[in-house]
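*Asks:* Following this message is one structure expressed as structure tokens.
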Amino acid sequence: MVKPSLRGEELKVEAECLPCLLERGYKEASYLTEDESLRIEALRRVLEMLAENFRPEAYPAKLGTLRDRIIRSFFNGRDPYAGMKKESNRLALSLLPEAEAYVSKAEDARGRFRRACLVAALANALEFDVKDYDFNLEGFKLSLEDAAFSLDMVEEAYRLVKGGGPLLYLADNAGEIVLDRVLVETLRRDFGAEVTLVVKGSPVLNDATLEDAEASGMAQAASRIETIGDTVGLIWDEAPENVKSDMKQARLIIAKGMGNYEALTELEGANLGLKVFFLLKAKCGPVARSLGVEKGSLVAMLKEL
């Protein structure tokens with residue numbers, strides 16, 4: 001098993017984060033208008049924010065949150081990814097029977113949990129506009145038989161979930177949330193777990209909202225649903241108190257995607273007693289390097305924060 005190379009520190013920005021943050025802002029503005037003067041003004045405001053906040057102590061999830069708030073405010077709250085999120089859910093629903101069949105073929109609950117984790121990590125590929133990450137929605141396939149974790153702590157997570165109890169699931173992207181159903185349903189069926197699903201209360205990136213939870217069927221799969229506003233990942237200082245309380249009470253927090261990884265590493269050294277199981281695809285260099293894996297790798301990592 002590959003060991004993570006985390007140095008007991010938060011994941012802070014690297015130089016290559018700057019063009020990524022700006023390029024995604026350009027893509028978002030371009031989806032919302034063809035008026036070049038409006039694009040320029042929106043990006044000028046993003047640049048002003050980055051000039052003030054892009055420092056060695058900054059972390060990518062916070063800067064991405066600030067950027068998306070600027071874009072959304074400038075364009076009167078419109079969601080640049082609204083259409084792509086619907087298409088992502090549509091595609092993922094077509095792949096759901098394949099994922100369910102793959103998980104059901106496992107011999108026992110331990111095997112079903114491992115396979116469901118792999119499906120959930122593979123689904124994290126459903127993300128748009130990460131710099132130098134080539135993703136085509138219509139070409140997306142699960143490729144389950146060839147998939148494997150480069151960083152694999154599934155067995156450690158299994159020991160925490162097999163006794164059931166309260167679990168908390170931090171969702172990431174639209175589309176992805178459809179395939180997350182396989183893991184949530186496995187946790188409830190095989191272990192009798194009570195799973196609280198957390199989605200975004202308003203649009204940010206292509207993250208799943210309540211609308212996507214309903215469209216995906218996850219609203220019925222989870223025990224209950226909570227929301228955390230419009231942050232990239234769960235930013236502790238902005239999270240609702242009831243969600244933070246649920247996290248502290250959960251036997252395990254399953255955190256999907258790079259945004260949650262970036263945001264939650266800010267809790268390194270806080271000693272909150274949170275057991276967090278990160279499931280993601282390392283789609284960018286800084287995240288991959290912090291985890292000690294190659295870019296494009298699937299990760300299942302358990303940490304206490």
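In the structure tokens, each chain is lettered A, B, ... as it comes, each chain's residues begin at 1, and ligands are numbered from 1 in order of appearance.
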I want to know what sits within 8 Å of Ala106 of chain A, based on only C-alpha atoms, with residues of the same chain fewer than 5 positions away left out; could you give that as a count of residues only?
*Replies:* 3
*Asks:* Could you list, as a compact mmCIF listing (two decimals) with all heavy atoms, in the first residue's frame, every residue within 9 Å of Arg114 of chain A, counting only C-alpha atoms and ignoring same-chain residues fewer than 5 positions away?
*Replies:*
```
# COMPACT_ATOMS: atom_id res chain seq x y z
N VAL A 103 -21.00 -4.26 -7.68
CA VAL A 103 -20.94 -4.35 -6.22
C VAL A 103 -21.63 -5.61 -5.73
O VAL A 103 -21.14 -6.31 -4.83
CB VAL A 103 -21.56 -3.10 -5.57
CG1 VAL A 103 -21.70 -3.26 -4.07
CG2 VAL A 103 -20.72 -1.87 -5.90
N ALA A 106 -19.77 -9.15 -5.26
CA ALA A 106 -18.82 -9.43 -4.19
C ALA A 106 -19.36 -10.52 -3.27
O ALA A 106 -20.57 -10.67 -3.11
CB ALA A 106 -18.53 -8.15 -3.40
N ALA A 109 -20.01 -8.68 2.80
CA ALA A 109 -20.18 -7.25 3.07
C ALA A 109 -18.86 -6.49 2.93
O ALA A 109 -18.85 -5.36 2.44
CB ALA A 109 -20.76 -7.06 4.48
N VAL A 119 -16.27 2.35 -6.84
CA VAL A 119 -17.24 3.04 -7.72
C VAL A 119 -17.30 4.52 -7.36
O VAL A 119 -17.26 5.40 -8.24
CB VAL A 119 -18.63 2.41 -7.58
CG1 VAL A 119 -19.70 3.28 -8.24
CG2 VAL A 119 -18.65 1.01 -8.19
N VAL A 154 -9.01 1.24 2.54
CA VAL A 154 -10.40 0.78 2.60
C VAL A 154 -10.62 -0.15 3.79
O VAL A 154 -11.65 -0.07 4.48
CB VAL A 154 -10.81 0.08 1.29
CG1 VAL A 154 -12.19 -0.56 1.40
CG2 VAL A 154 -10.78 1.06 0.13
N GLU A 155 -9.67 -1.02 4.07
CA GLU A 155 -9.84 -1.96 5.17
C GLU A 155 -9.93 -1.23 6.51
O GLU A 155 -10.74 -1.60 7.37
CB GLU A 155 -8.67 -2.96 5.20
CG GLU A 155 -8.81 -4.05 6.25
CD GLU A 155 -10.02 -4.94 6.05
OE1 GLU A 155 -10.50 -5.07 4.91
OE2 GLU A 155 -10.50 -5.52 7.05
N TYR A 158 -13.34 0.13 6.69
CA TYR A 158 -14.31 -0.96 6.91
C TYR A 158 -14.45 -1.28 8.39
O TYR A 158 -15.56 -1.50 8.89
CB TYR A 158 -13.89 -2.19 6.13
CG TYR A 158 -14.69 -3.42 6.47
CD1 TYR A 158 -16.01 -3.56 6.04
CD2 TYR A 158 -14.14 -4.44 7.26
CE1 TYR A 158 -16.76 -4.69 6.37
CE2 TYR A 158 -14.88 -5.56 7.59
CZ TYR A 158 -16.18 -5.68 7.15
OH TYR A 158 -16.92 -6.78 7.49
```
*Asks:* Quick one: pull the distance between atom CA of Leu47 of chain A and atom CA of Asn124 of chain A, Å, one decimal.
*Replies:*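 Atom CA of Asn124 of chain A lies at a distance of 28.5 Å from atom CA of Leu47 of chain A.
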*Asks:* Quick one: pull the distance between atom CA of Glu36 of chain A and atom CA of Asn76 of chain A, Å, one decimal.
*Replies:*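 Result for atom CA of Glu36 of chain A versus atom CA of Asn76 of chain A: 17.1 Å, one decimal.
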*Asks:* Going by DSSP on the backbone, which residues of segment 236-296 of chain A come out as alpha helix (DSSP H)? List them as a list in words.
*Replies:*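 Taking segment 236-296 of chain A and keeping alpha helix (DSSP H) gives Glu241, Asn242, Val243, Lys244, Ser245, Asp246, Met247, Lys248, Gln249, Gly257, Met258, Gly259, Asn260, Tyr261, Glu262, Ala263, Leu264, Gly285, Pro286, Val287, Ala288, Arg289, Ser290 and Leu291 of chain A.
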*Asks:* Just to be explicit: take each residue in the selection above, keep N, CA, C and O atoms, and write the result as a CSV table (one decimal), in the first residue's frame.
*Replies:*
```csv
chain,number,residue,atom,x,y,z
A,241,GLU,N,-23.6,25.0,12.3
A,241,GLU,CA,-23.2,24.4,13.6
A,241,GLU,C,-23.8,23.0,13.7
A,241,GLU,O,-23.2,22.1,14.3
A,242,ASN,N,-25.0,22.8,13.1
A,242,ASN,CA,-25.6,21.4,13.2
A,242,ASN,C,-24.8,20.4,12.4
A,242,ASN,O,-24.7,19.2,12.8
A,243,VAL,N,-24.3,20.8,11.3
A,243,VAL,CA,-23.4,19.9,10.5
A,243,VAL,C,-22.1,19.6,11.2
A,243,VAL,O,-21.7,18.5,11.2
A,244,LYS,N,-21.5,20.6,11.8
A,244,LYS,CA,-20.3,20.4,12.6
A,244,LYS,C,-20.6,19.4,13.7
A,244,LYS,O,-19.8,18.5,14.0
A,245,SER,N,-21.7,19.6,14.4
A,245,SER,CA,-22.1,18.6,15.4
A,245,SER,C,-22.3,17.2,14.9
A,245,SER,O,-21.8,16.3,15.5
A,246,ASP,N,-22.9,17.1,13.8
A,246,ASP,CA,-23.1,15.8,13.2
A,246,ASP,C,-21.8,15.1,12.8
A,246,ASP,O,-21.6,13.9,13.0
A,247,MET,N,-20.8,16.0,12.4
A,247,MET,CA,-19.5,15.4,12.0
A,247,MET,C,-18.8,14.9,13.3
A,247,MET,O,-18.1,13.9,13.2
A,248,LYS,N,-18.9,15.6,14.4
A,248,LYS,CA,-18.3,15.2,15.6
A,248,LYS,C,-18.9,13.9,16.2
A,248,LYS,O,-18.2,13.1,16.8
A,249,GLN,N,-20.1,13.7,15.9
A,249,GLN,CA,-20.8,12.5,16.4
A,249,GLN,C,-20.7,11.3,15.5
A,249,GLN,O,-20.9,10.2,15.9
A,257,GLY,N,-14.0,13.9,-3.1
A,257,GLY,CA,-13.4,14.9,-4.0
A,257,GLY,C,-12.3,15.7,-3.4
A,257,GLY,O,-12.0,15.8,-2.2
A,258,MET,N,-11.6,16.4,-4.4
A,258,MET,CA,-10.5,17.3,-4.0
A,258,MET,C,-10.9,18.5,-3.2
A,258,MET,O,-10.1,18.9,-2.3
A,259,GLY,N,-12.0,19.1,-3.4
A,259,GLY,CA,-12.4,20.3,-2.7
A,259,GLY,C,-12.5,20.0,-1.2
A,259,GLY,O,-12.1,20.8,-0.4
A,260,ASN,N,-13.2,18.9,-0.8
A,260,ASN,CA,-13.3,18.5,0.6
A,260,ASN,C,-11.9,18.2,1.1
A,260,ASN,O,-11.6,18.5,2.3
A,261,TYR,N,-11.1,17.5,0.3
A,261,TYR,CA,-9.7,17.2,0.8
A,261,TYR,C,-8.9,18.5,1.1
A,261,TYR,O,-8.3,18.7,2.1
A,262,GLU,N,-9.0,19.5,0.1
A,262,GLU,CA,-8.3,20.8,0.3
A,262,GLU,C,-8.8,21.5,1.5
A,262,GLU,O,-8.0,22.1,2.3
A,263,ALA,N,-10.1,21.5,1.7
A,263,ALA,CA,-10.7,22.3,2.8
A,263,ALA,C,-10.5,21.6,4.2
A,263,ALA,O,-10.1,22.3,5.2
A,264,LEU,N,-10.6,20.3,4.2
A,264,LEU,CA,-10.6,19.7,5.5
A,264,LEU,C,-9.1,19.5,6.0
A,264,LEU,O,-8.9,19.4,7.2
A,285,GLY,N,-1.8,18.3,-9.9
A,285,GLY,CA,-0.5,18.1,-9.3
A,285,GLY,C,-0.4,18.3,-7.8
A,285,GLY,O,0.1,17.5,-7.1
A,286,PRO,N,-0.8,19.5,-7.3
A,286,PRO,CA,-0.7,19.8,-5.9
A,286,PRO,C,-1.4,18.7,-5.0
A,286,PRO,O,-0.8,18.3,-4.0
A,287,VAL,N,-2.6,18.3,-5.4
A,287,VAL,CA,-3.3,17.3,-4.5
A,287,VAL,C,-2.5,16.0,-4.7
A,287,VAL,O,-2.3,15.3,-3.6
A,288,ALA,N,-2.2,15.6,-5.8
A,288,ALA,CA,-1.5,14.3,-6.0
A,288,ALA,C,-0.2,14.3,-5.2
A,288,ALA,O,0.2,13.3,-4.5
A,289,ARG,N,0.6,15.4,-5.3
A,289,ARG,CA,1.9,15.4,-4.6
A,289,ARG,C,1.7,15.3,-3.1
A,289,ARG,O,2.5,14.7,-2.3
A,290,SER,N,0.7,16.0,-2.5
A,290,SER,CA,0.4,16.0,-1.1
A,290,SER,C,0.0,14.6,-0.6
A,290,SER,O,0.3,14.3,0.5
A,291,LEU,N,-0.5,13.8,-1.5
A,291,LEU,CA,-0.9,12.4,-1.2
A,291,LEU,C,0.1,11.4,-1.5
A,291,LEU,O,0.0,10.2,-1.2
```
*Asks:* With distances taken over only C-alpha atoms, which residue among A:Ser73, A:Thr65, A:Thr265, A:Ser223 lies nearest Gly192 of chain A?
*Replies:*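 Distance minimum relative to Gly192 of chain A lands on A:Ser223.
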*Asks:* List the neighbours of Phe135 of chain A out to 12 Å using only C-alpha atoms; skip same-chain residues closer than 2 positions along the sequence, and give me the result as a list in words.
*Replies:*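 Once the adjacent positions are removed, what remains is Ser88, Asn124, Ala125, Leu126, Glu127, Phe128, Asp129, Val130, Lys131, Asp132, Tyr133, Leu137, Glu138, Gly139, Phe140, Lys141, Lys283 and Gly296 of chain A.
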*Asks:* Restricted to C-alpha atoms, what would the selected residues look like written as an mmCIF file, in the first residue's frame?
*Replies:*
```
data_model
loop_
_atom_site.group_PDB
_atom_site.id
_atom_site.type_symbol
_atom_site.label_atom_id
_atom_site.label_comp_id
_atom_site.auth_asym_id
_atom_site.auth_seq_id
_atom_site.Cartn_x
_atom_site.Cartn_y
_atom_site.Cartn_z
ATOM 1 C CA SER A 88 -23.880 14.563 -15.701
ATOM 2 C CA ASN A 124 -15.097 11.598 -8.814
ATOM 3 C CA ALA A 125 -13.793 11.860 -12.384
ATOM 4 C CA LEU A 126 -17.016 13.728 -13.221
ATOM 5 C CA GLU A 127 -15.582 17.243 -12.969
ATOM 6 C CA PHE A 128 -15.152 20.077 -15.448
ATOM 7 C CA ASP A 129 -12.507 22.730 -16.082
ATOM 8 C CA VAL A 130 -9.640 21.541 -13.885
ATOM 9 C CA LYS A 131 -6.537 22.809 -15.675
ATOM 10 C CA ASP A 132 -4.684 20.089 -17.624
ATOM 11 C CA TYR A 133 -7.330 17.501 -16.700
ATOM 12 C CA LEU A 137 -18.582 13.674 -20.281
ATOM 13 C CA GLU A 138 -19.962 11.598 -23.141
ATOM 14 C CA GLY A 139 -16.816 9.476 -23.223
ATOM 15 C CA PHE A 140 -16.874 8.688 -19.502
ATOM 16 C CA LYS A 141 -16.931 4.990 -18.567
ATOM 17 C CA LYS A 283 -6.845 15.314 -10.789
ATOM 18 C CA GLY A 296 -4.893 10.590 -12.022
#
```
*Asks:* Skip segment 70-72 of chain A itself and residues of its chain fewer than 6 positions away, then list as a ChimeraX atom specification all residues within 10 Å of it, counting only C-alpha atoms.
*Replies:* /A:25-26,28-29,32,39,42-43,45-46,49,64,78-80,203-204
*Asks:* Kindly export the residues of the current selection with C-alpha atoms, as a compact mmCIF listing (two decimals), in the first residue's frame.
*Replies:*
```
# COMPACT_ATOMS: atom_id res chain seq x y z
CA GLY A 25 -13.01 31.67 -13.68
CA TYR A 26 -12.62 32.43 -17.38
CA GLU A 28 -17.34 30.09 -15.94
CA ALA A 29 -17.65 33.65 -17.27
CA LEU A 32 -22.54 32.84 -18.87
CA ARG A 39 -16.02 38.64 -19.32
CA ALA A 42 -15.72 39.70 -14.21
CA LEU A 43 -12.15 38.44 -14.52
CA ARG A 45 -12.65 41.42 -10.19
CA VAL A 46 -11.35 37.87 -9.80
CA MET A 49 -9.27 39.13 -5.23
CA GLY A 64 -12.04 28.89 -5.35
CA ARG A 78 -26.75 32.39 -12.51
CA ASP A 79 -25.15 28.93 -12.41
CA PRO A 80 -22.56 28.42 -15.17
CA PRO A 203 -24.42 26.48 -6.67
CA VAL A 204 -20.62 26.37 -6.59
```
*Asks:* One decimal, in Å: what's the spacing between atom CA of Gln220 of chain A and atom CA of Arg189 of chain A?
*Replies:*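 Distance reported for this atom pair: 13.3 Å.
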*Asks:* Using only C-alpha atoms, which residues sit within 10 Å of Asp212 of chain A once same-chain residues fewer than 6 positions away are excluded, as a list in words?
*Replies:*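 What passes the distance filter is Lys85, Lys86, Ser88, Asn89, Asn173, Ala174, Gly175, Glu176, Ile177, Val178, Val199, Lys200, Met218 and Ala219 of chain A.
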*Asks:* What's around Arg55 of chain A at 12 Å? Count only C-alpha atoms, leave out sequence neighbours fewer than 4 positions away in its own chain, and write the answer as a PyMOL selection string.
*Replies:* chain A and resi 12-15+17-18+49-51+59-60+62-63
*Asks:* Could those selected residues go to a file with all heavy atoms, as a short mmCIF file (atom, residue, chain, number, x, y, z; two decimals), in the first residue's frame?
*Replies:*
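Result file follows (out_5.cif):
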```cif
data_model
loop_
_atom_site.label_atom_id
_atom_site.label_comp_id
_atom_site.auth_asym_id
_atom_site.auth_seq_id
_atom_site.Cartn_x
_atom_site.Cartn_y
_atom_site.Cartn_z
N LYS A 12 -1.63 23.84 1.22
CA LYS A 12 -1.63 25.24 0.82
C LYS A 12 -1.43 25.35 -0.69
O LYS A 12 -1.10 24.38 -1.37
CB LYS A 12 -0.51 25.99 1.55
CG LYS A 12 -0.63 25.96 3.07
CD LYS A 12 -1.93 26.58 3.56
CE LYS A 12 -1.97 26.67 5.07
NZ LYS A 12 -3.26 27.23 5.56
N VAL A 13 -1.64 26.55 -1.21
CA VAL A 13 -1.52 26.76 -2.65
C VAL A 13 -0.07 26.56 -3.10
O VAL A 13 0.87 26.80 -2.35
CB VAL A 13 -1.99 28.17 -3.08
CG1 VAL A 13 -3.47 28.34 -2.86
CG2 VAL A 13 -1.19 29.26 -2.37
N GLU A 14 0.07 26.11 -4.34
CA GLU A 14 1.34 26.13 -5.04
C GLU A 14 1.21 27.12 -6.19
O GLU A 14 0.10 27.56 -6.53
CB GLU A 14 1.68 24.73 -5.56
CG GLU A 14 1.88 23.71 -4.45
CD GLU A 14 2.32 22.36 -4.98
OE1 GLU A 14 2.71 22.26 -6.17
OE2 GLU A 14 2.28 21.38 -4.20
N ALA A 15 2.34 27.46 -6.82
CA ALA A 15 2.32 28.45 -7.89
C ALA A 15 1.37 28.05 -9.01
O ALA A 15 0.66 28.89 -9.58
CB ALA A 15 3.73 28.66 -8.44
N CYS A 17 -1.39 26.67 -8.86
CA CYS A 17 -2.80 26.87 -8.53
C CYS A 17 -3.33 28.17 -9.13
O CYS A 17 -4.53 28.28 -9.44
CB CYS A 17 -3.00 26.91 -7.02
SG CYS A 17 -2.61 25.37 -6.17
N LEU A 18 -2.46 29.17 -9.30
CA LEU A 18 -2.91 30.47 -9.78
C LEU A 18 -3.52 30.41 -11.18
O LEU A 18 -4.65 30.86 -11.38
CB LEU A 18 -1.77 31.48 -9.72
CG LEU A 18 -2.13 32.91 -10.14
CD1 LEU A 18 -3.27 33.47 -9.28
CD2 LEU A 18 -0.91 33.82 -10.06
N MET A 49 -9.19 40.01 -6.39
CA MET A 49 -9.27 39.13 -5.23
C MET A 49 -8.00 38.29 -5.11
O MET A 49 -7.43 38.14 -4.02
CB MET A 49 -10.50 38.24 -5.35
CG MET A 49 -10.69 37.24 -4.20
SD MET A 49 -9.73 35.70 -4.37
CE MET A 49 -10.55 34.96 -5.79
N LEU A 50 -7.54 37.73 -6.23
CA LEU A 50 -6.35 36.88 -6.19
C LEU A 50 -5.11 37.70 -5.82
O LEU A 50 -4.24 37.21 -5.09
CB LEU A 50 -6.16 36.18 -7.53
CG LEU A 50 -7.19 35.09 -7.86
CD1 LEU A 50 -7.03 34.61 -9.29
CD2 LEU A 50 -7.07 33.92 -6.88
N ALA A 51 -5.00 38.92 -6.33
CA ALA A 51 -3.86 39.77 -6.00
C ALA A 51 -3.77 40.02 -4.50
O ALA A 51 -2.69 40.11 -3.92
CB ALA A 51 -3.95 41.10 -6.76
N TYR A 59 -5.25 28.62 0.90
CA TYR A 59 -5.51 27.25 0.45
C TYR A 59 -6.52 27.28 -0.70
O TYR A 59 -7.39 28.15 -0.77
CB TYR A 59 -5.95 26.34 1.59
CG TYR A 59 -7.23 26.70 2.32
CD1 TYR A 59 -8.42 26.03 2.06
CD2 TYR A 59 -7.24 27.69 3.30
CE1 TYR A 59 -9.58 26.33 2.74
CE2 TYR A 59 -8.40 28.01 3.99
CZ TYR A 59 -9.56 27.32 3.70
OH TYR A 59 -10.72 27.61 4.39
N PRO A 60 -6.39 26.33 -1.65
CA PRO A 60 -7.14 26.43 -2.91
C PRO A 60 -8.65 26.47 -2.74
O PRO A 60 -9.32 27.21 -3.47
CB PRO A 60 -6.71 25.16 -3.67
CG PRO A 60 -5.39 24.78 -3.08
CD PRO A 60 -5.44 25.18 -1.64
N LYS A 62 -10.54 27.74 -0.44
CA LYS A 62 -11.02 29.06 -0.04
C LYS A 62 -10.97 30.04 -1.20
O LYS A 62 -11.93 30.80 -1.43
CB LYS A 62 -10.18 29.59 1.12
CG LYS A 62 -10.64 30.95 1.64
CD LYS A 62 -12.02 30.88 2.27
CE LYS A 62 -12.39 32.19 2.94
NZ LYS A 62 -13.74 32.12 3.56
N LEU A 63 -9.87 30.03 -1.96
CA LEU A 63 -9.76 30.93 -3.10
C LEU A 63 -10.77 30.59 -4.18
O LEU A 63 -11.34 31.47 -4.81
CB LEU A 63 -8.34 30.89 -3.66
CG LEU A 63 -7.24 31.39 -2.73
CD1 LEU A 63 -5.88 31.31 -3.41
CD2 LEU A 63 -7.51 32.81 -2.24
#
```
*Asks:* Could you pull out the strand (DSSP E or B) residues of segment 71-275 of chain A from DSSP and send them as a PyMOL selection string?
*Replies:* chain A and resi 149-152+166-170+173+194-200+207+209+224-227+252-256+275
*Asks:* Need the shell around Val182 of chain A: protein/DNA/RNA residues with any atom at most 12 Å away, counting only C-alpha atoms. Skip same-chain ones fewer than 4 positions apart. Format as an mmCIF file with N, CA and C atoms, in the first residue's frame?
*Replies:*
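File selection04.cif, as written:
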```cif
data_model
loop_
_atom_site.group_PDB
_atom_site.id
_atom_site.type_symbol
_atom_site.label_atom_id
_atom_site.label_comp_id
_atom_site.auth_asym_id
_atom_site.auth_seq_id
_atom_site.Cartn_x
_atom_site.Cartn_y
_atom_site.Cartn_z
ATOM 1 N N ALA A 92 -24.770 9.524 -15.531
ATOM 2 C CA ALA A 92 -24.481 8.653 -14.392
ATOM 3 C C ALA A 92 -25.633 7.692 -14.116
ATOM 4 N N LEU A 93 -26.864 8.153 -14.293
ATOM 5 C CA LEU A 93 -28.006 7.250 -14.105
ATOM 6 C C LEU A 93 -27.973 6.098 -15.097
ATOM 7 N N LEU A 95 -25.292 4.675 -16.075
ATOM 8 C CA LEU A 95 -24.208 3.789 -15.644
ATOM 9 C C LEU A 95 -24.515 3.093 -14.313
ATOM 10 N N LEU A 96 -25.546 3.554 -13.619
ATOM 11 C CA LEU A 96 -25.849 3.028 -12.290
ATOM 12 C C LEU A 96 -26.093 1.520 -12.270
ATOM 13 N N PRO A 97 -26.860 0.938 -13.214
ATOM 14 C CA PRO A 97 -27.059 -0.521 -13.172
ATOM 15 C C PRO A 97 -25.740 -1.306 -13.254
ATOM 16 N N GLU A 98 -24.793 -0.836 -14.057
ATOM 17 C CA GLU A 98 -23.494 -1.492 -14.147
ATOM 18 C C GLU A 98 -22.768 -1.446 -12.800
ATOM 19 N N ALA A 99 -22.812 -0.299 -12.150
ATOM 20 C CA ALA A 99 -22.148 -0.155 -10.855
ATOM 21 C C ALA A 99 -22.810 -1.045 -9.797
ATOM 22 N N GLU A 100 -24.130 -1.088 -9.796
ATOM 23 C CA GLU A 100 -24.845 -1.923 -8.819
ATOM 24 C C GLU A 100 -24.545 -3.399 -9.026
ATOM 25 N N ALA A 101 -24.484 -3.828 -10.280
ATOM 26 C CA ALA A 101 -24.182 -5.222 -10.574
ATOM 27 C C ALA A 101 -22.766 -5.580 -10.121
ATOM 28 N N TYR A 102 -21.826 -4.679 -10.349
ATOM 29 C CA TYR A 102 -20.438 -4.913 -9.949
ATOM 30 C C TYR A 102 -20.332 -5.098 -8.441
ATOM 31 N N VAL A 103 -20.998 -4.256 -7.676
ATOM 32 C CA VAL A 103 -20.939 -4.349 -6.215
ATOM 33 C C VAL A 103 -21.633 -5.614 -5.727
ATOM 34 N N SER A 104 -22.744 -5.961 -6.328
ATOM 35 C CA SER A 104 -23.525 -7.120 -5.864
ATOM 36 C C SER A 104 -22.800 -8.447 -6.056
ATOM 37 N N ARG A 112 -18.341 -6.018 -0.744
ATOM 38 C CA ARG A 112 -19.274 -5.030 -1.311
ATOM 39 C C ARG A 112 -18.858 -3.617 -0.922
ATOM 40 N N PHE A 113 -18.390 -3.445 0.315
ATOM 41 C CA PHE A 113 -17.930 -2.124 0.738
ATOM 42 C C PHE A 113 -16.732 -1.689 -0.103
ATOM 43 N N ARG A 114 -15.781 -2.569 -0.306
ATOM 44 C CA ARG A 114 -14.602 -2.219 -1.109
ATOM 45 C C ARG A 114 -15.006 -1.840 -2.535
ATOM 46 N N ARG A 115 -15.863 -2.626 -3.127
ATOM 47 C CA ARG A 115 -16.272 -2.342 -4.506
ATOM 48 C C ARG A 115 -17.074 -1.036 -4.598
ATOM 49 N N ALA A 116 -17.923 -0.791 -3.607
ATOM 50 C CA ALA A 116 -18.707 0.443 -3.617
ATOM 51 C C ALA A 116 -17.801 1.665 -3.445
ATOM 52 N N CYS A 117 -16.752 1.547 -2.633
ATOM 53 C CA CYS A 117 -15.780 2.635 -2.486
ATOM 54 C C CYS A 117 -15.073 2.909 -3.805
ATOM 55 N N LEU A 118 -14.753 1.853 -4.536
ATOM 56 C CA LEU A 118 -14.082 2.020 -5.823
ATOM 57 C C LEU A 118 -14.993 2.727 -6.825
ATOM 58 N N VAL A 119 -16.269 2.354 -6.844
ATOM 59 C CA VAL A 119 -17.237 3.042 -7.716
ATOM 60 C C VAL A 119 -17.296 4.524 -7.364
ATOM 61 N N ALA A 120 -17.373 4.830 -6.064
ATOM 62 C CA ALA A 120 -17.480 6.219 -5.630
ATOM 63 C C ALA A 120 -16.239 7.022 -6.012
ATOM 64 N N ALA A 121 -15.067 6.424 -5.895
ATOM 65 C CA ALA A 121 -13.839 7.127 -6.264
ATOM 66 C C ALA A 121 -13.765 7.340 -7.774
ATOM 67 N N ALA A 123 -16.219 7.690 -9.736
ATOM 68 C CA ALA A 123 -17.221 8.705 -10.081
ATOM 69 C C ALA A 123 -16.703 10.114 -9.864
ATOM 70 N N GLU A 176 -21.643 12.479 -10.163
ATOM 71 C CA GLU A 176 -20.945 11.661 -9.166
ATOM 72 C C GLU A 176 -21.892 11.206 -8.068
ATOM 73 N N ILE A 177 -22.788 12.106 -7.644
ATOM 74 C CA ILE A 177 -23.691 11.787 -6.542
ATOM 75 C C ILE A 177 -24.623 10.620 -6.891
ATOM 76 N N VAL A 178 -24.918 10.436 -8.171
ATOM 77 C CA VAL A 178 -25.739 9.295 -8.591
ATOM 78 C C VAL A 178 -25.030 7.990 -8.227
ATOM 79 N N THR A 186 -25.073 0.538 0.261
ATOM 80 C CA THR A 186 -24.310 -0.552 0.865
ATOM 81 C C THR A 186 -24.138 -0.329 2.362
ATOM 82 N N LEU A 187 -23.827 0.884 2.756
ATOM 83 C CA LEU A 187 -23.649 1.203 4.171
ATOM 84 C C LEU A 187 -24.933 0.977 4.955
ATOM 85 N N ARG A 188 -26.062 1.323 4.378
ATOM 86 C CA ARG A 188 -27.327 1.168 5.088
ATOM 87 C C ARG A 188 -27.792 -0.291 5.087
ATOM 88 N N ARG A 189 -27.649 -0.963 3.954
ATOM 89 C CA ARG A 189 -28.153 -2.333 3.844
ATOM 90 C C ARG A 189 -27.279 -3.327 4.619
ATOM 91 N N ASP A 190 -25.973 -3.250 4.441
ATOM 92 C CA ASP A 190 -25.084 -4.262 5.025
ATOM 93 C C ASP A 190 -24.709 -3.987 6.471
ATOM 94 N N SER A 216 -30.860 12.484 -8.487
ATOM 95 C CA SER A 216 -30.007 11.291 -8.460
ATOM 96 C C SER A 216 -30.634 10.111 -7.733
ATOM 97 N N GLY A 217 -31.664 10.385 -6.942
ATOM 98 C CA GLY A 217 -32.230 9.347 -6.092
ATOM 99 C C GLY A 217 -31.547 9.248 -4.745
ATOM 100 N N MET A 218 -30.522 10.067 -4.522
ATOM 101 C CA MET A 218 -29.802 10.018 -3.259
ATOM 102 C C MET A 218 -30.652 10.508 -2.099
ATOM 103 N N ALA A 221 -32.049 7.505 -0.802
ATOM 104 C CA ALA A 221 -31.059 6.523 -0.341
ATOM 105 C C ALA A 221 -30.507 6.884 1.038
ATOM 106 N N ALA A 222 -30.277 8.177 1.287
ATOM 107 C CA ALA A 222 -29.698 8.619 2.557
ATOM 108 C C ALA A 222 -30.755 8.660 3.651
#
```
